file upload37.txt (compact mmCIF, C-alpha atoms)
# COMPACT_ATOMS: atom_id res chain seq x y z
CA MET A 1 -6.23 6.90 -4.73
CA HIS A 2 -4.57 9.27 -2.28
CA ILE A 3 -7.22 11.82 -1.29
CA PRO A 4 -5.82 15.37 -1.34
CA ASP A 5 -6.84 18.08 1.11
CA GLY A 6 -9.88 20.05 0.03
CA PHE A 7 -11.86 16.90 -0.79
CA ILE A 8 -12.64 15.90 2.79
CA SER A 9 -14.89 17.85 5.15
CA THR A 10 -13.76 18.51 8.72
CA GLY A 11 -16.41 16.15 10.09
CA THR A 12 -15.32 13.33 7.79
CA ALA A 13 -11.69 14.03 8.68
CA VAL A 14 -12.42 13.70 12.39
CA VAL A 15 -14.36 10.46 11.95
CA THR A 16 -11.79 8.88 9.61
CA TYR A 17 -8.87 9.94 11.84
CA ALA A 18 -10.62 8.34 14.81
CA ALA A 19 -11.33 5.15 12.87
CA ALA A 20 -7.74 5.00 11.58
CA ALA A 21 -6.31 5.58 15.08
CA GLY A 22 -8.55 2.85 16.49
CA GLY A 23 -7.49 0.43 13.76
CA ILE A 24 -3.79 1.17 14.21
CA GLY A 25 -4.10 0.75 17.99
CA TYR A 26 -5.77 -2.62 17.51
CA ALA A 27 -3.15 -3.71 14.97
CA LEU A 28 -0.34 -2.73 17.39
CA ARG A 29 -1.87 -4.89 20.09
CA ARG A 30 -2.43 -7.89 17.82
CA VAL A 31 0.87 -7.88 15.96
CA ASN A 32 3.13 -8.59 18.96
CA ARG A 33 2.11 -12.19 19.34
CA GLU A 34 2.60 -13.08 15.72
CA LEU A 35 5.96 -11.59 14.78
CA ASP A 36 8.68 -14.08 13.84
CA GLU A 37 12.32 -12.99 14.18
CA ARG A 38 12.91 -13.16 10.43
CA GLN A 39 9.93 -10.90 9.90
CA VAL A 40 11.91 -7.94 11.26
CA PRO A 41 13.89 -7.41 8.02
CA LEU A 42 10.88 -8.56 5.99
CA LEU A 43 8.85 -5.65 7.40
CA GLY A 44 11.61 -3.28 6.28
CA VAL A 45 11.88 -4.79 2.81
CA THR A 46 8.10 -4.83 2.32
CA ALA A 47 7.77 -1.17 3.38
CA ALA A 48 10.63 -0.16 1.06
CA PHE A 49 9.26 -2.19 -1.85
CA LEU A 50 5.70 -0.90 -1.47
CA PHE A 51 6.90 2.72 -1.35
CA ALA A 52 8.96 2.28 -4.52
CA ALA A 53 6.23 0.30 -6.27
CA GLN A 54 3.59 2.92 -5.42
CA MET A 55 5.66 5.48 -7.36
CA MET A 56 5.34 3.37 -10.52
CA ASN A 57 2.06 4.50 -12.01
CA PHE A 58 0.99 2.22 -14.84
CA PRO A 59 -1.41 3.37 -17.56
CA VAL A 60 -4.98 2.10 -17.69
CA ALA A 61 -7.67 2.99 -20.20
CA GLY A 62 -8.48 6.55 -21.20
CA GLY A 63 -5.50 8.63 -20.11
CA THR A 64 -5.74 7.37 -16.54
CA SER A 65 -3.11 5.66 -14.44
CA GLY A 66 -2.98 3.56 -11.33
CA HIS A 67 -0.34 2.15 -9.07
CA LEU A 68 0.08 -0.76 -6.71
CA LEU A 69 -1.41 -0.26 -3.26
CA GLY A 70 -0.01 -3.51 -1.93
CA GLY A 71 -2.55 -4.13 0.83
CA ALA A 72 -3.16 -7.74 -0.15
CA LEU A 73 0.55 -8.39 -0.76
CA ALA A 74 1.50 -6.98 2.65
CA ALA A 75 -1.23 -9.02 4.34
CA ILE A 76 -0.11 -12.24 2.63
CA LEU A 77 3.56 -11.68 3.51
CA LEU A 78 3.22 -10.24 6.99
CA GLY A 79 -0.26 -11.04 8.21
CA PRO A 80 -3.02 -8.42 8.41
CA TRP A 81 -1.79 -6.54 11.49
CA ALA A 82 1.87 -6.10 10.56
CA GLY A 83 0.71 -5.48 6.99
CA ALA A 84 -1.61 -2.68 8.12
CA LEU A 85 1.20 -1.05 10.12
CA VAL A 86 3.60 -1.20 7.17
CA LEU A 87 0.99 0.37 4.84
CA THR A 88 0.30 3.04 7.47
CA ALA A 89 4.00 3.95 7.51
CA VAL A 90 4.03 4.18 3.70
CA VAL A 91 0.89 6.34 3.48
CA ALA A 92 2.03 8.59 6.35
CA VAL A 93 5.48 9.22 4.80
CA GLN A 94 3.84 9.93 1.43
CA ALA A 95 1.63 12.60 3.02
CA LEU A 96 4.22 14.12 5.37
CA LEU A 97 7.28 14.21 3.09
CA PHE A 98 6.06 13.83 -0.48
CA GLN A 99 2.78 15.78 -0.31
CA ASP A 100 0.96 12.80 -1.85
CA GLY A 101 -2.39 12.72 -0.07
CA GLY A 102 -3.51 15.54 2.21
CA LEU A 103 -2.82 16.06 5.91
CA LEU A 104 -6.49 16.49 6.81
CA ALA A 105 -7.19 13.51 4.55
CA LEU A 106 -4.46 11.34 6.09
CA GLY A 107 -6.90 9.58 8.40
CA ALA A 108 -9.11 8.66 5.45
CA ASN A 109 -6.14 7.53 3.35
CA VAL A 110 -4.80 5.33 6.16
CA LEU A 111 -8.29 3.96 6.74
CA ASN A 112 -8.82 3.14 3.04
CA MET A 113 -5.43 1.88 1.97
CA ALA A 114 -3.76 0.63 5.16
CA LEU A 115 -6.74 -0.79 7.05
CA ILE A 116 -9.61 -1.52 4.64
CA GLY A 117 -7.30 -2.49 1.76
CA VAL A 118 -5.19 -4.79 3.93
CA LEU A 119 -8.13 -6.40 5.75
CA VAL A 120 -10.17 -7.00 2.58
CA GLY A 121 -7.04 -8.46 0.97
CA TRP A 122 -6.41 -10.66 3.96
CA LEU A 123 -9.98 -11.92 4.37
CA THR A 124 -10.26 -12.67 0.65
CA TYR A 125 -6.91 -14.43 0.53
CA SER A 126 -7.44 -16.56 3.62
CA SER A 127 -11.01 -17.59 2.72
CA LEU A 128 -10.08 -18.48 -0.86
CA LYS A 129 -7.06 -20.47 0.28
CA ARG A 130 -9.25 -22.43 2.65
CA LEU A 131 -11.65 -23.03 -0.22
CA LEU A 132 -9.01 -24.01 -2.79
CA GLY A 133 -6.88 -26.10 -0.46
CA GLN A 134 -3.38 -27.22 -1.43
CA ARG A 135 -3.70 -26.98 -5.20
CA PRO A 136 -0.44 -25.58 -6.58
CA TRP A 137 -2.08 -22.51 -8.10
CA ALA A 138 -4.25 -21.79 -5.06
CA SER A 139 -1.97 -19.12 -3.57
CA LEU A 140 -1.63 -17.26 -6.85
CA ALA A 141 -5.35 -17.35 -7.67
CA ALA A 142 -6.25 -16.28 -4.13
CA GLY A 143 -3.57 -13.56 -4.26
CA PHE A 144 -4.93 -12.15 -7.52
CA ALA A 145 -8.52 -12.05 -6.28
CA ALA A 146 -7.45 -10.56 -2.93
CA ALA A 147 -5.41 -7.83 -4.63
CA TRP A 148 -8.19 -6.93 -7.07
CA LEU A 149 -10.92 -6.81 -4.43
CA SER A 150 -8.81 -4.84 -1.94
CA VAL A 151 -8.29 -2.04 -4.47
CA VAL A 152 -11.94 -1.93 -5.55
CA ILE A 153 -13.31 -1.91 -1.98
CA ALA A 154 -10.78 0.73 -0.87
CA SER A 155 -11.85 2.93 -3.80
CA LEU A 156 -15.51 2.52 -2.85
CA ALA A 157 -14.68 3.57 0.71
CA ALA A 158 -12.97 6.69 -0.65
CA SER A 159 -16.03 7.41 -2.83
CA VAL A 160 -18.31 7.26 0.19
CA GLU A 161 -16.03 9.52 2.27
CA LEU A 162 -15.97 12.12 -0.49
CA ALA A 163 -19.73 11.87 -0.95
CA VAL A 164 -20.32 12.33 2.78
CA SER A 165 -17.99 15.35 2.57
CA GLY A 166 -20.23 16.83 -0.13
CA THR A 167 -17.45 16.74 -2.74
CA TRP A 168 -19.32 14.59 -5.27
CA PRO A 169 -22.67 12.80 -5.56
CA LEU A 170 -22.42 9.17 -4.46
CA GLY A 171 -24.71 7.87 -7.21
CA VAL A 172 -22.32 8.98 -9.96
CA ALA A 173 -18.98 8.72 -8.19
CA LEU A 174 -19.42 5.24 -6.73
CA PRO A 175 -19.82 3.41 -10.06
CA ALA A 176 -17.20 5.63 -11.72
CA MET A 177 -14.64 4.95 -8.97
CA GLY A 178 -15.53 1.25 -8.90
CA LEU A 179 -15.13 0.92 -12.66
CA VAL A 180 -11.75 2.63 -12.99
CA HIS A 181 -10.41 0.77 -9.96
CA ALA A 182 -11.71 -2.53 -11.33
CA LEU A 183 -9.19 -1.87 -14.14
CA ILE A 184 -6.42 -0.66 -11.83
CA GLY A 185 -7.12 -3.74 -9.69
CA LEU A 186 -6.11 -5.98 -12.60
CA GLY A 187 -2.66 -4.36 -12.50
CA GLU A 188 -2.60 -4.77 -8.74
CA GLY A 189 -3.49 -8.44 -9.15
CA LEU A 190 -0.79 -9.06 -11.78
CA ILE A 191 1.95 -7.37 -9.72
CA THR A 192 0.86 -9.20 -6.56
CA VAL A 193 0.89 -12.56 -8.34
CA GLY A 194 4.26 -11.72 -9.91
CA VAL A 195 5.83 -11.03 -6.53
CA LEU A 196 4.25 -14.14 -4.97
CA ALA A 197 5.44 -16.34 -7.85
CA PHE A 198 8.93 -14.84 -7.63
CA LEU A 199 9.07 -15.55 -3.90
CA GLN A 200 7.69 -19.07 -4.39
CA ALA A 201 10.49 -19.77 -6.85
CA THR A 202 13.32 -18.13 -4.91
CA ARG A 203 12.51 -17.98 -1.20
CA PRO A 204 9.39 -20.06 -0.43
CA ASP A 205 10.37 -20.01 3.26
CA LEU A 206 9.55 -16.28 3.43
CA LEU A 207 5.99 -16.99 2.31
CA VAL A 208 5.24 -19.21 5.28
CA LEU A 209 6.77 -16.98 7.97
CA ASN A 210 3.35 -15.52 8.49
CA ARG A 211 1.81 -18.16 10.74
CA ALA A 212 -1.73 -17.07 10.04
CA ALA A 213 -1.23 -17.43 6.28
CA SER A 214 0.07 -20.98 6.49
CA GLN A 215 -2.77 -21.94 8.82
CA ALA A 216 -5.30 -20.52 6.41
CA GLY A 217 -3.98 -22.99 3.84
CA GLY A 218 -4.55 -25.85 6.25
CA ALA A 219 -0.84 -26.69 6.48
CA GLY A 220 -0.56 -25.52 10.09
CA MET B 1 25.84 -13.31 -5.26
CA LYS B 2 26.67 -15.43 -2.23
CA VAL B 3 26.17 -12.39 0.02
CA LEU B 4 22.75 -11.79 -1.49
CA LYS B 5 21.73 -15.42 -1.11
CA LYS B 6 22.55 -15.31 2.58
CA ASN B 7 21.18 -11.81 3.20
CA TRP B 8 17.89 -12.08 1.33
CA TRP B 9 16.69 -8.85 2.88
CA LEU B 10 19.60 -7.00 1.25
CA ALA B 11 18.57 -8.46 -2.10
CA GLY B 12 15.00 -7.28 -1.46
CA LEU B 13 16.16 -3.79 -0.53
CA ILE B 14 18.35 -3.57 -3.65
CA LEU B 15 15.36 -4.66 -5.75
CA ALA B 16 13.26 -1.89 -4.21
CA LEU B 17 16.02 0.66 -4.87
CA ILE B 18 16.23 -0.48 -8.50
CA LEU B 19 12.48 0.05 -8.74
CA ALA B 20 12.96 3.58 -7.36
CA LEU B 21 15.62 4.19 -10.04
CA LEU B 22 12.99 3.36 -12.67
CA SER B 23 10.37 5.67 -11.15
CA PRO B 24 10.80 8.43 -13.81
CA LEU B 25 9.24 5.93 -16.23
CA ALA B 26 5.94 6.01 -14.30
CA SER B 27 2.84 7.05 -16.23
CA PRO B 28 2.19 10.79 -15.79
CA HIS B 29 -1.56 10.40 -16.25
CA PRO B 30 -3.95 11.27 -13.38
CA ASP B 31 -4.79 8.31 -11.15
CA GLY B 32 -8.25 6.82 -10.77
CA LEU B 33 -9.43 9.19 -8.05
CA GLU B 34 -8.00 12.28 -9.82
CA ARG B 35 -9.68 11.17 -13.04
CA VAL B 36 -13.11 10.74 -11.45
CA ALA B 37 -12.73 14.06 -9.58
CA ALA B 38 -11.86 15.82 -12.85
CA ASP B 39 -14.83 14.20 -14.61
CA GLN B 40 -17.04 15.43 -11.77
CA GLY B 41 -15.62 18.94 -12.20
CA VAL B 42 -14.21 19.08 -8.68
CA GLY B 43 -10.55 18.46 -9.49
CA ASP B 44 -9.61 22.08 -8.73
CA GLN B 45 -10.96 21.75 -5.18
CA ALA B 46 -7.75 19.94 -4.26
CA GLN B 47 -5.59 22.11 -2.02
CA ASP B 48 -1.82 22.26 -1.90
CA ALA B 49 -0.15 21.09 1.28
CA PRO B 50 0.60 23.81 3.86
CA TYR B 51 4.29 22.95 3.53
CA GLN B 52 6.33 21.19 0.87
CA VAL B 53 9.24 18.82 1.41
CA MET B 54 9.46 16.72 -1.76
CA PRO B 55 6.19 17.51 -3.55
CA ASP B 56 5.27 15.13 -6.39
CA TYR B 57 8.23 12.93 -5.49
CA ALA B 58 10.77 15.50 -6.67
CA PHE B 59 13.79 16.35 -4.55
CA PRO B 60 13.94 20.17 -4.42
CA GLY B 61 16.74 22.08 -6.12
CA ILE B 62 17.53 19.48 -8.78
CA GLU B 63 16.94 20.87 -12.27
CA ASN B 64 16.67 17.53 -14.02
CA ASP B 65 13.16 16.17 -13.37
CA ALA B 66 14.10 12.51 -13.72
CA LEU B 67 17.06 12.90 -11.37
CA ALA B 68 14.92 14.79 -8.82
CA THR B 69 12.41 11.93 -8.88
CA ILE B 70 15.13 9.29 -8.54
CA VAL B 71 16.75 11.03 -5.56
CA ALA B 72 13.36 11.44 -3.83
CA GLY B 73 12.47 7.84 -4.62
CA LEU B 74 15.75 6.45 -3.26
CA LEU B 75 15.45 8.55 -0.08
CA GLY B 76 11.86 7.45 0.49
CA THR B 77 12.67 3.79 -0.15
CA LEU B 78 15.57 3.84 2.34
CA LEU B 79 13.47 5.72 4.88
CA LEU B 80 10.63 3.21 4.63
CA PHE B 81 13.08 0.33 4.99
CA GLY B 82 14.36 1.93 8.19
CA LEU B 83 10.85 2.63 9.46
CA GLY B 84 9.60 -0.90 8.75
CA TYR B 85 12.69 -2.48 10.26
CA GLY B 86 12.59 -0.18 13.28
CA LEU B 87 8.89 -0.81 13.82
CA ALA B 88 9.36 -4.60 13.79
CA TRP B 89 12.42 -4.39 16.05
CA PHE B 90 10.52 -2.23 18.52
CA LEU B 91 7.47 -4.52 18.50
CA ARG B 92 9.55 -7.65 19.08
CA ARG B 93 11.47 -6.03 21.93
CA ARG B 94 8.25 -4.96 23.52
CA SER B 95 6.72 -8.43 23.25
CA SER B 96 9.77 -10.21 24.66
CA ALA B 97 9.87 -7.78 27.58
CA ALA B 98 6.22 -8.40 28.38
call {"tool": "encode", "arguments": {"input": "upload37.txt", "output": "structure tokens"}}
result
Amino acid sequence: MHIPDGFISTGTAVVTYAAAAGGIGYALRRVNRELDERQVPLLGVTAAFLFAAQMMNFPVAGGTSGHLLGGALAAILLGPWAGALVLTAVVAVQALLFQDGGLLALGANVLNMALIGVLVGWLTYSSLKRLLGQRPWASLAAGFAAAWLSVVIASLAASVELAVSGTWPLGVALPAMGLVHALIGLGEGLITVGVLAFLQATRPDLLVLNRAASQAGGAG
Amino acid sequence: MKVLKKNWWLAGLILALILALLSPLASPHPDGLERVAADQGVGDQAQDAPYQVMPDYAFPGIENDALATIVAGLLGTLLLFGLGYGLAWFLRRRSSAA
């Protein structure tokens, strides 16, 4: 859902750039206190994996494709603030070097995918984990729901930004975007659960590096 | 395998690079936003970037499309690994100095 240039009005660009800059500044301040030493390479691996995974468009219904955004996955692995910064790096490199997503639209794309996507993923995951407790499937169920919802909400944010820009009418675009991303979100959920299950089986220690995530589960 | 077990991050990076090698298999269909924009008849409002480095994830000057995508994908994956690692290293240094 990378917004290209030409879809975003100057006013919307200014507002979304300001919101994105504010969010990144806040994330930079919050992340310091939470970073474990082993998270240094994990940030690198997550950024690399999300970039590569975002290139892998998978088909959904009706000649449409989608790809992983990874906001929920990054939040679960790294916590919301480090996760938002990693997604910001991915989205910025995509716009600056690969011409995927516009330059004027970069603020909106960071806001939607790196901030809204990550925070919705994080809030959904942590609330569901608190709700489901220590059941063995709790992490995977919460991860799936978090991934799905993060994609759908991010797409709705993009719909609103394009409607405010006068590109399309909100009444038609909002349900259309929500519907297609409800499908894409299923792919996002499956990939997220796949990665979480793989890590649980191979390196469960990496899943609990993120202090906030383990606290959300009640394990402390 | 012993090296990979000890250096899990290397295993993760290799996995990401393998994924980048597979990137030519990605679906060529428009994504969700492009599809809705096309249905709304505004798809052609999209503007090209003012400059091009590796547009559409294709490394310039490589005739073979799949190879151009693979080279661009590998470069991007390595770059993001460096950026993520560098960012975390910088943040930790800053917090220990404070």
call {"tool": "closest_atom_pairs", "arguments": {"input": "upload37.txt", "of": "chain B", "to": "chain A", "cutoff": "8 Å", "atoms": "only C-alpha atoms", "output": "CSV"}}
result
residue,atom,partner,partner_atom,distance
B:Trp9,CA,A:Pro41,CA,6.0
B:Gly12,CA,A:Val45,CA,5.8
B:Leu13,CA,A:Val45,CA,5.5
B:Leu15,CA,A:Phe49,CA,7.6
B:Ala16,CA,A:Phe49,CA,4.7
B:Leu17,CA,A:Ala52,CA,7.3
B:Leu19,CA,A:Ala52,CA,5.9
B:Ala20,CA,A:Ala52,CA,5.1
B:Leu22,CA,A:Met56,CA,7.9
B:Ser23,CA,A:Met56,CA,5.6
B:Leu25,CA,A:Met56,CA,7.4
B:Ala26,CA,A:Met56,CA,4.6
B:Ser27,CA,A:Asn57,CA,5.0
B:Pro28,CA,A:Asn57,CA,7.3
B:His29,CA,A:Thr64,CA,5.2
B:Pro30,CA,A:Thr64,CA,5.3
B:Asp31,CA,A:Ser65,CA,4.5
B:Gly32,CA,A:Val180,CA,5.9
B:Leu33,CA,A:Met1,CA,5.1
B:Glu34,CA,A:Met1,CA,7.6
B:Arg35,CA,A:Thr64,CA,6.5
B:Val36,CA,A:Met177,CA,6.5
B:Ala37,CA,A:Trp168,CA,7.9
B:Gln40,CA,A:Trp168,CA,6.9
B:Val42,CA,A:Thr167,CA,7.2
B:Gln45,CA,A:Gly6,CA,5.6
B:Ala46,CA,A:Gly6,CA,4.8
B:Gln47,CA,A:Gly6,CA,5.2
B:Asp48,CA,A:Asp5,CA,7.2
B:Ala49,CA,A:Gln99,CA,6.3
B:Gln52,CA,A:Gln99,CA,6.6
B:Val53,CA,A:Leu97,CA,5.3
B:Met54,CA,A:Phe98,CA,4.6
B:Pro55,CA,A:Phe98,CA,4.8
B:Asp56,CA,A:Phe98,CA,6.1
B:Tyr57,CA,A:Phe98,CA,5.5
B:Ala58,CA,A:Phe98,CA,8.0
B:Gly73,CA,A:Ala52,CA,6.6
B:Gly76,CA,A:Phe51,CA,7.1
B:Thr77,CA,A:Ala48,CA,4.6
B:Leu78,CA,A:Ala48,CA,6.5
B:Leu79,CA,A:Ala48,CA,7.6
B:Leu80,CA,A:Ala48,CA,4.9
B:Phe81,CA,A:Gly44,CA,4.1
B:Gly82,CA,A:Gly44,CA,6.2
B:Leu83,CA,A:Gly44,CA,6.8
B:Gly84,CA,A:Gly44,CA,4.0
B:Tyr85,CA,A:Gly44,CA,4.2
B:Gly86,CA,A:Gly44,CA,7.7
B:Ala88,CA,A:Val40,CA,4.9
B:Trp89,CA,A:Val40,CA,6.0
B:Leu91,CA,A:Asn32,CA,6.0
B:Arg92,CA,A:Asn32,CA,6.5
B:Arg94,CA,A:Asn32,CA,7.8
B:Ser95,CA,A:Asn32,CA,5.6
call {"tool": "atom_distance", "arguments": {"input": "upload37.txt", "atom1": "atom CA of A:Ile76", "atom2": "atom CA of A:Val118"}}
result
9.1 Å
call {"tool": "atom_distance", "arguments": {"input": "upload37.txt", "atom1": "atom CA of A:Leu190", "atom2": "atom CA of A:Val151"}}
result
12.6 Å
call {"tool": "atom_distance", "arguments": {"input": "upload37.txt", "atom1": "atom CA of A:Asn112", "atom2": "atom CA of A:Ile153"}}
result
8.4 Å
call {"tool": "closest_residue", "arguments": {"input": "upload37.txt", "among": "A:Ala61, A:Leu115, A:Ala201, A:Ala138", "to": "A:Tyr26", "atoms": "all atoms listed in the file"}}
result
A:Leu115
call {"tool": "axis_aligned_box", "arguments": {"input": "upload37.txt", "around": "stretch 40-50 of chain B", "padding_each_side": "6 Å", "output": "lines of an AutoDock Vina configuration file"}}
result
center_x = -8.2
center_y = 19.6
center_z = -4.2
size_x = 29.6
size_y = 20.4
size_z = 28.1
call {"tool": "residues_near_point", "arguments": {"input": "upload37.txt", "point": "(2.6, -11.2, 1.3)", "cutoff": "9 Å", "atoms": "only C-alpha atoms", "output": "list in words"}}
result
Thr46, Gly70, Gly71, Ala72, Leu73, Ala74, Ala75, Ile76, Leu77, Leu78, Gly79, Gly83, Gly143, Thr192, Val195, Leu196, Leu206, Leu207, Asn210 and Ala213 of chain A
call {"tool": "residues_around", "arguments": {"input": "upload37.txt", "residues": "stretch 14-18 of chain A", "least_positions_apart": "2", "cutoff": "8 Å", "atoms": "all atoms listed in the file", "output": "VMD selection string"}}
result
chain A and resid 10 to 12 20 to 22 106 to 108 111
